[in-house]
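Structure below is query-v8.tsv: TSV, C-alpha atoms.
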```tsv
chain	number	residue	atom	x	y	z
A	1	MET	CA	-53.61	-55.06	-49.05
A	2	PHE	CA	-54.55	-51.39	-49.11
A	3	TRP	CA	-57.95	-50.22	-50.28
A	4	ARG	CA	-58.05	-46.92	-52.09
A	5	SER	CA	-59.39	-44.33	-49.70
A	6	LYS	CA	-62.64	-42.63	-50.61
A	7	GLN	CA	-62.72	-38.84	-50.90
A	8	PRO	CA	-65.81	-37.67	-48.97
A	9	LEU	CA	-68.26	-36.37	-51.53
A	10	LYS	CA	-71.49	-34.52	-51.15
A	11	LYS	CA	-74.24	-35.69	-53.45
A	12	SER	CA	-76.27	-33.19	-55.41
A	13	ASN	CA	-79.92	-33.76	-56.23
A	14	ASN	CA	-79.05	-35.55	-59.44
A	15	GLY	CA	-76.98	-38.11	-57.54
A	16	TRP	CA	-73.67	-36.88	-58.95
A	17	ASN	CA	-70.87	-35.26	-56.99
A	18	SER	CA	-71.23	-31.53	-56.46
A	19	PHE	CA	-68.07	-31.41	-54.35
A	20	ARG	CA	-65.51	-29.30	-56.21
A	21	GLY	CA	-62.42	-30.32	-54.30
A	22	PRO	CA	-59.53	-32.56	-55.38
A	23	GLY	CA	-60.48	-35.51	-57.50
A	24	PHE	CA	-63.78	-34.05	-58.68
A	25	LYS	CA	-64.86	-35.48	-62.02
A	26	MET	CA	-67.80	-34.52	-64.15
A	27	ALA	CA	-70.15	-37.34	-65.04
A	28	SER	CA	-68.67	-39.34	-67.88
A	29	PRO	CA	-70.38	-39.36	-71.29
A	30	TYR	CA	-71.07	-43.07	-70.74
A	31	TYR	CA	-72.72	-42.34	-67.39
A	32	GLN	CA	-74.96	-39.72	-68.97
A	33	GLU	CA	-75.78	-41.99	-71.90
A	34	MET	CA	-76.77	-44.94	-69.68
A	35	GLN	CA	-78.75	-42.73	-67.28
A	36	GLU	CA	-80.77	-41.52	-70.25
A	37	SER	CA	-81.11	-45.09	-71.56
A	38	PHE	CA	-82.38	-46.46	-68.23
A	39	ARG	CA	-84.78	-43.53	-67.76
A	40	ASN	CA	-86.52	-44.74	-70.91
A	41	ASN	CA	-85.87	-48.47	-70.41
A	42	SER	CA	-86.29	-49.23	-66.72
A	43	LYS	CA	-89.15	-51.70	-66.90
A	44	SER	CA	-88.84	-55.21	-65.45
A	45	ARG	CA	-91.02	-58.09	-66.54
A	46	GLU	CA	-91.27	-61.60	-65.11
A	47	PHE	CA	-91.77	-64.87	-66.95
A	48	PRO	CA	-92.92	-68.21	-65.48
A	49	ALA	CA	-90.01	-70.65	-65.63
A	50	HIS	CA	-90.11	-73.28	-62.85
A	51	THR	CA	-92.17	-74.68	-59.99
A	52	ALA	CA	-89.54	-73.76	-57.39
A	53	LYS	CA	-86.84	-71.14	-56.88
A	54	VAL	CA	-84.47	-70.34	-59.72
A	55	HIS	CA	-80.79	-70.72	-58.80
A	56	SER	CA	-79.04	-69.72	-62.02
A	57	VAL	CA	-79.65	-67.79	-65.24
A	58	ALA	CA	-77.28	-67.52	-68.23
A	59	TRP	CA	-77.41	-66.22	-71.81
A	60	SER	CA	-76.17	-68.13	-74.85
A	61	CYS	CA	-73.15	-66.49	-76.52
A	62	ASP	CA	-75.31	-65.04	-79.33
A	63	GLY	CA	-77.91	-63.70	-76.87
A	64	ARG	CA	-80.81	-65.50	-78.56
A	65	ARG	CA	-81.55	-67.78	-75.63
A	66	LEU	CA	-81.67	-67.61	-71.85
A	67	ALA	CA	-81.36	-70.75	-69.73
A	68	SER	CA	-82.41	-71.13	-66.11
A	69	GLY	CA	-81.75	-73.85	-63.53
A	70	SER	CA	-83.96	-74.53	-60.56
A	71	PHE	CA	-84.49	-76.28	-57.27
A	72	ASP	CA	-87.26	-78.19	-59.11
A	73	LYS	CA	-84.50	-80.36	-60.74
A	74	THR	CA	-85.04	-78.94	-64.24
A	75	ALA	CA	-83.51	-76.43	-66.62
A	76	SER	CA	-85.59	-74.20	-68.88
A	77	VAL	CA	-84.61	-72.44	-72.08
A	78	PHE	CA	-86.30	-69.31	-73.42
A	79	VAL	CA	-85.93	-67.56	-76.77
A	80	LEU	CA	-85.64	-63.78	-76.62
A	81	GLU	CA	-88.20	-62.29	-79.01
A	82	LYS	CA	-88.00	-58.49	-79.10
A	83	ASP	CA	-88.76	-57.56	-75.49
A	84	ARG	CA	-90.06	-60.82	-74.11
A	85	LEU	CA	-88.90	-64.33	-73.28
A	86	VAL	CA	-90.78	-67.17	-74.93
A	87	LYS	CA	-90.31	-70.58	-73.31
A	88	GLU	CA	-88.81	-73.04	-75.75
A	89	ASN	CA	-88.22	-76.18	-73.68
A	90	ASN	CA	-87.94	-77.69	-70.25
A	91	TYR	CA	-85.02	-80.06	-69.65
A	92	ARG	CA	-85.61	-82.96	-67.26
A	93	GLY	CA	-83.32	-85.74	-66.10
A	94	HIS	CA	-81.49	-84.51	-63.01
A	95	GLY	CA	-82.42	-86.20	-59.74
A	96	ASP	CA	-81.71	-83.15	-57.59
A	97	SER	CA	-81.58	-79.37	-57.68
A	98	VAL	CA	-79.89	-77.70	-60.67
A	99	ASP	CA	-77.62	-75.28	-58.83
A	100	GLN	CA	-75.70	-73.69	-61.67
A	101	LEU	CA	-75.53	-73.78	-65.46
A	102	CYS	CA	-73.51	-72.18	-68.23
A	103	TRP	CA	-73.41	-72.11	-72.02
A	104	HIS	CA	-70.62	-73.13	-74.35
A	105	PRO	CA	-68.50	-69.97	-74.91
A	106	THR	CA	-68.84	-70.01	-78.72
A	107	ASN	CA	-71.52	-72.60	-79.60
A	108	PRO	CA	-74.97	-71.11	-78.87
A	109	ASP	CA	-76.66	-74.55	-78.94
A	110	LEU	CA	-74.89	-76.24	-76.02
A	111	PHE	CA	-75.24	-75.68	-72.30
A	112	VAL	CA	-74.23	-77.64	-69.22
A	113	THR	CA	-75.94	-78.06	-65.85
A	114	ALA	CA	-74.50	-78.94	-62.43
A	115	SER	CA	-76.69	-80.76	-59.94
A	116	GLY	CA	-76.69	-82.10	-56.42
A	117	ASP	CA	-77.37	-85.55	-57.92
A	118	LYS	CA	-73.58	-85.99	-58.46
A	119	THR	CA	-73.78	-85.52	-62.23
A	120	ILE	CA	-73.37	-82.82	-64.80
A	121	ARG	CA	-75.40	-82.92	-68.00
A	122	ILE	CA	-74.64	-81.39	-71.38
A	123	TRP	CA	-77.71	-80.41	-73.42
A	124	ASP	CA	-78.22	-79.51	-77.08
A	125	VAL	CA	-81.12	-77.13	-77.77
A	126	ARG	CA	-81.37	-78.37	-81.38
A	127	THR	CA	-82.39	-81.87	-80.26
A	128	THR	CA	-83.65	-80.88	-76.77
A	129	LYS	CA	-81.82	-83.96	-75.53
A	130	CYS	CA	-79.11	-84.60	-73.00
A	131	ILE	CA	-76.07	-85.47	-75.10
A	132	ALA	CA	-73.90	-86.49	-72.15
A	133	THR	CA	-74.25	-87.32	-68.46
A	134	VAL	CA	-70.99	-87.26	-66.53
A	135	ASN	CA	-70.86	-88.81	-63.07
A	136	THR	CA	-68.87	-86.90	-60.46
A	137	LYS	CA	-67.81	-87.70	-56.91
A	138	GLY	CA	-69.96	-85.24	-54.99
A	139	GLU	CA	-72.95	-82.91	-54.96
A	140	ASN	CA	-72.15	-80.28	-57.56
A	141	ILE	CA	-72.70	-76.61	-56.78
A	142	ASN	CA	-70.75	-74.62	-59.38
A	143	ILE	CA	-69.68	-75.01	-62.97
A	144	CYS	CA	-67.87	-73.09	-65.72
A	145	TRP	CA	-66.82	-73.68	-69.31
A	146	SER	CA	-63.30	-72.77	-70.41
A	147	PRO	CA	-63.03	-69.87	-72.90
A	148	ASP	CA	-61.61	-72.22	-75.56
A	149	GLY	CA	-64.62	-74.52	-75.16
A	150	GLN	CA	-62.51	-77.62	-74.53
A	151	THR	CA	-62.98	-78.13	-70.78
A	152	ILE	CA	-65.74	-77.96	-68.20
A	153	ALA	CA	-64.82	-77.44	-64.56
A	154	VAL	CA	-67.24	-78.46	-61.84
A	155	GLY	CA	-66.94	-77.92	-58.10
A	156	ASN	CA	-68.76	-79.91	-55.43
A	157	LYS	CA	-69.72	-79.51	-51.77
A	158	ASP	CA	-66.59	-81.42	-50.70
A	159	ASP	CA	-64.31	-78.76	-52.28
A	160	VAL	CA	-63.23	-81.00	-55.14
A	161	VAL	CA	-62.93	-79.42	-58.60
A	162	THR	CA	-63.10	-81.83	-61.54
A	163	PHE	CA	-61.93	-80.87	-65.04
A	164	ILE	CA	-63.89	-82.67	-67.75
A	165	ASP	CA	-62.98	-82.92	-71.43
A	166	ALA	CA	-65.95	-81.37	-73.26
A	167	LYS	CA	-65.53	-83.71	-76.26
A	168	THR	CA	-64.87	-87.09	-74.64
A	169	HIS	CA	-66.83	-86.28	-71.46
A	170	ARG	CA	-64.08	-87.88	-69.39
A	171	SER	CA	-62.33	-86.42	-66.37
A	172	LYS	CA	-58.92	-84.90	-67.23
A	173	ALA	CA	-57.92	-83.80	-63.73
A	174	GLU	CA	-59.25	-83.57	-60.21
A	175	GLU	CA	-58.14	-81.27	-57.41
A	176	GLN	CA	-59.09	-81.60	-53.73
A	177	PHE	CA	-58.73	-78.30	-51.88
A	178	LYS	CA	-58.22	-77.83	-48.15
A	179	PHE	CA	-60.48	-74.79	-48.00
A	180	GLU	CA	-64.09	-74.02	-48.84
A	181	VAL	CA	-64.28	-73.52	-52.62
A	182	ASN	CA	-67.02	-71.16	-53.76
A	183	GLU	CA	-67.13	-69.92	-57.35
A	184	ILE	CA	-64.63	-70.95	-60.03
A	185	SER	CA	-63.56	-69.37	-63.32
A	186	TRP	CA	-60.89	-69.32	-65.98
A	187	ASN	CA	-59.39	-66.00	-66.98
A	188	ASN	CA	-60.24	-64.88	-70.53
A	189	ASP	CA	-56.84	-66.04	-71.83
A	190	ASN	CA	-57.52	-69.59	-70.64
A	191	ASP	CA	-54.10	-69.89	-68.96
A	192	MET	CA	-55.12	-69.33	-65.32
A	193	PHE	CA	-57.83	-70.80	-63.13
A	194	PHE	CA	-59.37	-68.80	-60.28
A	195	LEU	CA	-61.22	-69.93	-57.16
A	196	THR	CA	-62.88	-67.85	-54.45
A	197	ASN	CA	-62.75	-69.40	-50.99
A	198	GLY	CA	-64.28	-69.33	-47.54
A	199	ASN	CA	-61.26	-67.57	-46.04
A	200	GLY	CA	-61.79	-64.44	-48.15
A	201	CYS	CA	-59.04	-65.37	-50.62
A	202	ILE	CA	-58.74	-65.63	-54.38
A	203	ASN	CA	-56.62	-68.63	-55.31
A	204	ILE	CA	-54.98	-68.58	-58.72
A	205	LEU	CA	-53.65	-71.71	-60.44
A	206	SER	CA	-51.76	-72.04	-63.71
A	207	TYR	CA	-53.72	-73.85	-66.42
A	208	PRO	CA	-53.52	-76.60	-67.54
A	209	GLU	CA	-50.75	-77.44	-65.03
A	210	LEU	CA	-52.94	-76.47	-62.02
A	211	LYS	CA	-49.91	-75.26	-60.07
A	212	PRO	CA	-50.56	-72.58	-57.42
A	213	ILE	CA	-49.49	-69.14	-58.67
A	214	GLN	CA	-50.85	-66.82	-56.02
A	215	SER	CA	-53.31	-66.50	-53.14
A	216	ILE	CA	-54.75	-63.01	-52.69
A	217	ASN	CA	-56.30	-61.91	-49.42
A	218	ALA	CA	-59.23	-60.18	-51.05
A	219	HIS	CA	-61.83	-59.81	-48.30
A	220	PRO	CA	-62.00	-60.13	-44.51
A	221	SER	CA	-64.76	-62.76	-44.82
A	222	ASN	CA	-66.03	-65.46	-47.17
A	223	CYS	CA	-65.30	-64.62	-50.82
A	224	ILE	CA	-68.40	-65.87	-52.63
A	225	CYS	CA	-68.45	-65.06	-56.35
A	226	ILE	CA	-66.11	-64.07	-59.19
A	227	LYS	CA	-66.65	-62.76	-62.73
A	228	PHE	CA	-64.30	-61.63	-65.52
A	229	ASP	CA	-65.25	-58.71	-67.72
A	230	PRO	CA	-65.58	-59.43	-71.46
A	231	THR	CA	-62.63	-57.18	-72.35
A	232	GLY	CA	-60.25	-59.08	-70.05
A	233	LYS	CA	-59.16	-55.93	-68.21
A	234	TYR	CA	-60.82	-56.62	-64.85
A	235	PHE	CA	-62.38	-59.27	-62.71
A	236	ALA	CA	-64.71	-58.67	-59.78
A	237	THR	CA	-65.33	-60.60	-56.57
A	238	GLY	CA	-68.26	-60.44	-54.17
A	239	SER	CA	-68.02	-61.26	-50.50
A	240	ALA	CA	-69.93	-61.93	-47.30
A	241	ASP	CA	-68.65	-58.53	-46.14
A	242	ALA	CA	-71.19	-57.01	-48.60
A	243	LEU	CA	-68.38	-55.53	-50.71
A	244	VAL	CA	-67.65	-55.99	-54.38
A	245	SER	CA	-63.99	-55.53	-55.27
A	246	LEU	CA	-62.70	-54.81	-58.76
A	247	TRP	CA	-59.28	-56.21	-59.73
A	248	ASP	CA	-56.82	-55.42	-62.48
A	249	VAL	CA	-56.14	-58.73	-64.26
A	250	GLU	CA	-52.56	-57.89	-65.22
A	251	GLU	CA	-51.43	-56.36	-61.92
A	252	LEU	CA	-53.66	-58.46	-59.63
A	253	VAL	CA	-54.36	-55.39	-57.50
A	254	CYS	CA	-57.68	-54.10	-56.24
A	255	VAL	CA	-58.51	-50.86	-58.04
A	256	ARG	CA	-61.96	-50.12	-56.67
A	257	CYS	CA	-64.62	-51.19	-54.18
A	258	PHE	CA	-68.39	-51.00	-54.48
A	259	SER	CA	-70.12	-50.75	-51.12
A	260	ARG	CA	-73.80	-49.99	-51.67
A	261	LEU	CA	-75.09	-53.42	-50.65
A	262	ASP	CA	-75.64	-54.37	-47.00
A	263	TRP	CA	-75.80	-58.17	-47.33
A	264	PRO	CA	-73.39	-60.84	-48.62
A	265	VAL	CA	-72.87	-60.44	-52.37
A	266	ARG	CA	-74.16	-63.57	-54.07
A	267	THR	CA	-73.94	-62.81	-57.76
A	268	LEU	CA	-72.15	-60.55	-60.26
A	269	SER	CA	-72.31	-59.83	-63.97
A	270	PHE	CA	-70.43	-57.48	-66.31
A	271	SER	CA	-72.26	-55.90	-69.24
A	272	HIS	CA	-71.27	-56.84	-72.80
A	273	ASP	CA	-68.99	-53.79	-73.12
A	274	GLY	CA	-67.40	-54.33	-69.69
A	275	LYS	CA	-68.51	-50.87	-68.56
A	276	MET	CA	-71.29	-51.85	-66.14
A	277	LEU	CA	-71.27	-54.25	-63.21
A	278	ALA	CA	-74.46	-55.63	-61.68
A	279	SER	CA	-74.27	-57.05	-58.16
A	280	ALA	CA	-76.97	-58.50	-55.94
A	281	SER	CA	-77.60	-59.98	-52.52
A	282	GLU	CA	-80.39	-60.26	-49.97
A	283	ASP	CA	-80.85	-56.51	-50.35
A	284	HIS	CA	-84.08	-55.77	-52.17
A	285	PHE	CA	-82.33	-54.12	-55.09
A	286	ILE	CA	-79.70	-54.92	-57.70
A	287	ASP	CA	-76.87	-52.40	-57.86
A	288	ILE	CA	-75.71	-51.34	-61.32
A	289	ALA	CA	-72.37	-49.52	-61.19
A	290	GLU	CA	-70.20	-47.80	-63.74
A	291	VAL	CA	-67.02	-49.88	-63.65
A	292	GLU	CA	-64.49	-47.09	-64.25
A	293	THR	CA	-65.81	-44.70	-61.59
A	294	GLY	CA	-67.72	-46.89	-59.16
A	295	GLU	CA	-70.70	-44.54	-59.43
A	296	LYS	CA	-74.22	-45.93	-59.19
A	297	LEU	CA	-75.82	-45.94	-62.64
A	298	TRP	CA	-79.12	-47.44	-61.55
A	299	GLU	CA	-80.72	-49.79	-59.06
A	300	VAL	CA	-83.30	-52.41	-59.91
A	301	GLN	CA	-85.92	-52.74	-57.18
A	302	CYS	CA	-86.74	-56.29	-56.04
A	303	ASP	CA	-89.24	-57.66	-53.51
A	304	SER	CA	-86.91	-60.35	-52.20
A	305	PRO	CA	-83.28	-61.59	-52.25
A	306	THR	CA	-81.66	-62.06	-55.66
A	307	PHE	CA	-79.83	-65.32	-56.42
A	308	THR	CA	-78.48	-64.74	-59.90
A	309	VAL	CA	-77.93	-61.95	-62.45
A	310	ALA	CA	-76.72	-62.06	-66.07
A	311	TRP	CA	-76.28	-59.25	-68.58
A	312	HIS	CA	-77.23	-59.96	-72.18
A	313	PRO	CA	-74.07	-60.44	-74.34
A	314	LYS	CA	-75.05	-57.62	-76.74
A	315	ARG	CA	-77.61	-55.33	-75.08
A	316	PRO	CA	-78.15	-53.51	-71.76
A	317	LEU	CA	-80.72	-56.12	-70.75
A	318	LEU	CA	-80.35	-57.87	-67.39
A	319	ALA	CA	-81.81	-61.29	-66.59
A	320	TYR	CA	-82.21	-62.13	-62.91
A	321	ALA	CA	-84.08	-64.37	-60.48
A	322	CYS	CA	-85.22	-63.75	-56.92
A	323	ASP	CA	-86.51	-65.72	-53.96
A	324	ASP	CA	-90.08	-64.79	-54.84
A	325	LYS	CA	-93.23	-66.24	-53.35
A	326	GLU	CA	-96.45	-66.51	-55.32
A	327	GLY	CA	-98.49	-64.92	-52.56
A	328	LYS	CA	-97.35	-61.51	-51.37
A	329	TYR	CA	-97.90	-62.20	-47.66
A	330	ASP	CA	-98.67	-65.68	-46.37
A	331	ASN	CA	-98.20	-68.00	-49.35
A	332	ASN	CA	-95.08	-70.16	-49.05
A	333	ARG	CA	-95.17	-71.44	-52.61
A	334	GLU	CA	-92.12	-70.34	-54.61
A	335	ALA	CA	-92.83	-68.43	-57.80
A	336	GLY	CA	-89.97	-69.83	-59.91
A	337	THR	CA	-89.93	-66.85	-62.27
A	338	VAL	CA	-87.18	-65.36	-64.41
A	339	LYS	CA	-87.11	-61.58	-64.79
A	340	LEU	CA	-85.79	-59.14	-67.38
A	341	PHE	CA	-84.77	-55.55	-66.60
A	342	GLY	CA	-84.03	-52.90	-69.22
A	343	LEU	CA	-87.24	-53.13	-71.21
A	344	PRO	CA	-88.81	-50.00	-72.75
A	345	ASN	CA	-91.13	-48.23	-70.31
A	346	ASP	CA	-93.88	-48.15	-72.90
A	347	SER	CA	-93.63	-51.88	-73.72
```

As structure tokens, the full file:
Amino acid sequence: MFWRSKQPLKKSNNGWNSFRGPGFKMASPYYQEMQESFRNNSKSREFPAHTAKVHSVAWSCDGRRLASGSFDKTASVFVLEKDRLVKENNYRGHGDSVDQLCWHPTNPDLFVTASGDKTIRIWDVRTTKCIATVNTKGENINICWSPDGQTIAVGNKDDVVTFIDAKTHRSKAEEQFKFEVNEISWNNDNDMFFLTNGNGCINILSYPELKPIQSINAHPSNCICIKFDPTGKYFATGSADALVSLWDVEELVCVRCFSRLDWPVRTLSFSHDGKMLASASEDHFIDIAEVETGEKLWEVQCDSPTFTVAWHPKRPLLAYACDDKEGKYDNNREAGTVKLFGLPNDS
């Protein structure tokens, strides 16, 4: 696969290209608009969520709630009130770390958690109860809900992906893979299923048949995470090579690379309009890029590695969680906080 070569560009003081040679483009109106927006709304605030590190954050489809899953075996749900998160409930029941969670794609009251205790649990925020516990064969590390809301896919440490009927809570299919399976996702059209693997590949299966369609050599090392943009035009992958690659969904070709991080890319999120991509790693910042140009729109400073990022489904508001300690220097106690970036500077 051929990466698009980068024209060497000299940066001016404002961070935009002052090079006037071939391929020069003035800053897009969107770039200028978001720069102005972040200049006025670049505040981050943290909210107590758990007693140990937070592994996963996700917004409900209507953006009213944020859920977090933690090493402390619980999930928490917050309500977004203006510019702050107010804790609504803590969800207990798992016997091991909650490694990933996601919301129903169209029902803002349901979310599902994946745990190392060999179960997934579906929760309803209206009753604050677990409405279903589904036993699985291994320690679960990743989970996603199909765009049509009918199926939940869960992957475990033994590289088995189980497809669970979201209504009957029974397994519909199970696939054992011969490679290390990292993150999993349906495409937006619900007719293909994507996996990133330890060999740097993106594996694509037809859905629901689960027949192999294509294997793309995406990165020279472990391909860790994958996200589809809300418009369905692109998907992005993050790798241990510290690169984020952007892919055209129709052509399945890499159209752009983002290379500002120095450590393995752990987490990705597209903004609600599909025009921004946040990526994070053990670097002490979150990179926010303009999707169409690859230019850096902003970076969110962090004191420690970032595990998870999630853009709000309607606003330029980014939820994230880091490997924070409560004491700045010698305290080993984990802070377990959830953070929000994009708040007004005067708030």

*For Ser304 of chain A, which residue among A:Ala321, A:Gly198, A:Cys257, A:Glu292 is the nearest when counting all atoms listed in the file?*
A:Ala321

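Of the listed residues A:Leu317, A:Ile143, A:Ala280, A:Leu210, the one whose atoms come nearest to Pro305 of chain A is A:Ala280, with distances taken using only C-alpha atoms.
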
_Non-local contacts of Lys87 of chain A (10 Å; all atoms listed in the file; under 4 positions in same chain excluded) as a ChimeraX atom specification_ = /A:47-49,65-67,76-80

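Closest approach to Lys275 of chain A among A:Trp103, A:Trp311, A:Phe193, A:Phe71: A:Trp311, based on all atoms listed in the file.
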
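One finds atom CA of Lys233 of chain A at 8.5 Å from atom CA of Trp247 of chain A.
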
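We find atom CA of Lys157 of chain A and atom CA of Val181 of chain A to be spaced 8.1 Å apart.
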
_Closest of A:Asn135, A:Ser70, A:Lys178, A:Gln150 to Thr162 of chain A - atom-to-atom distances counting all atoms listed in the file_ = A:Asn135

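Atom to atom, atom CA of Met34 of chain A and atom CA of Val249 of chain A stand 25.4 Å apart.
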
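Across A:Leu343, A:Val291, A:Ile226, A:Ala166, the tightest approach to Ser28 of chain A is made by A:Val291 when counting all atoms listed in the file.
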
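For the set A:Ile122, A:Met276, A:Asp148, A:Arg64, the residue with the smallest atom-to-atom gap to Val86 of chain A is A:Arg64, counting all atoms listed in the file.
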
*Excluding Lys167 of chain A and residues on its chain fewer than 2 positions from it, collect all residues at most 9 Å away from it, counting all atoms listed in the file, and give them as an NGL selection string.*
:A and (150-151 or 164-165 or 169-170)
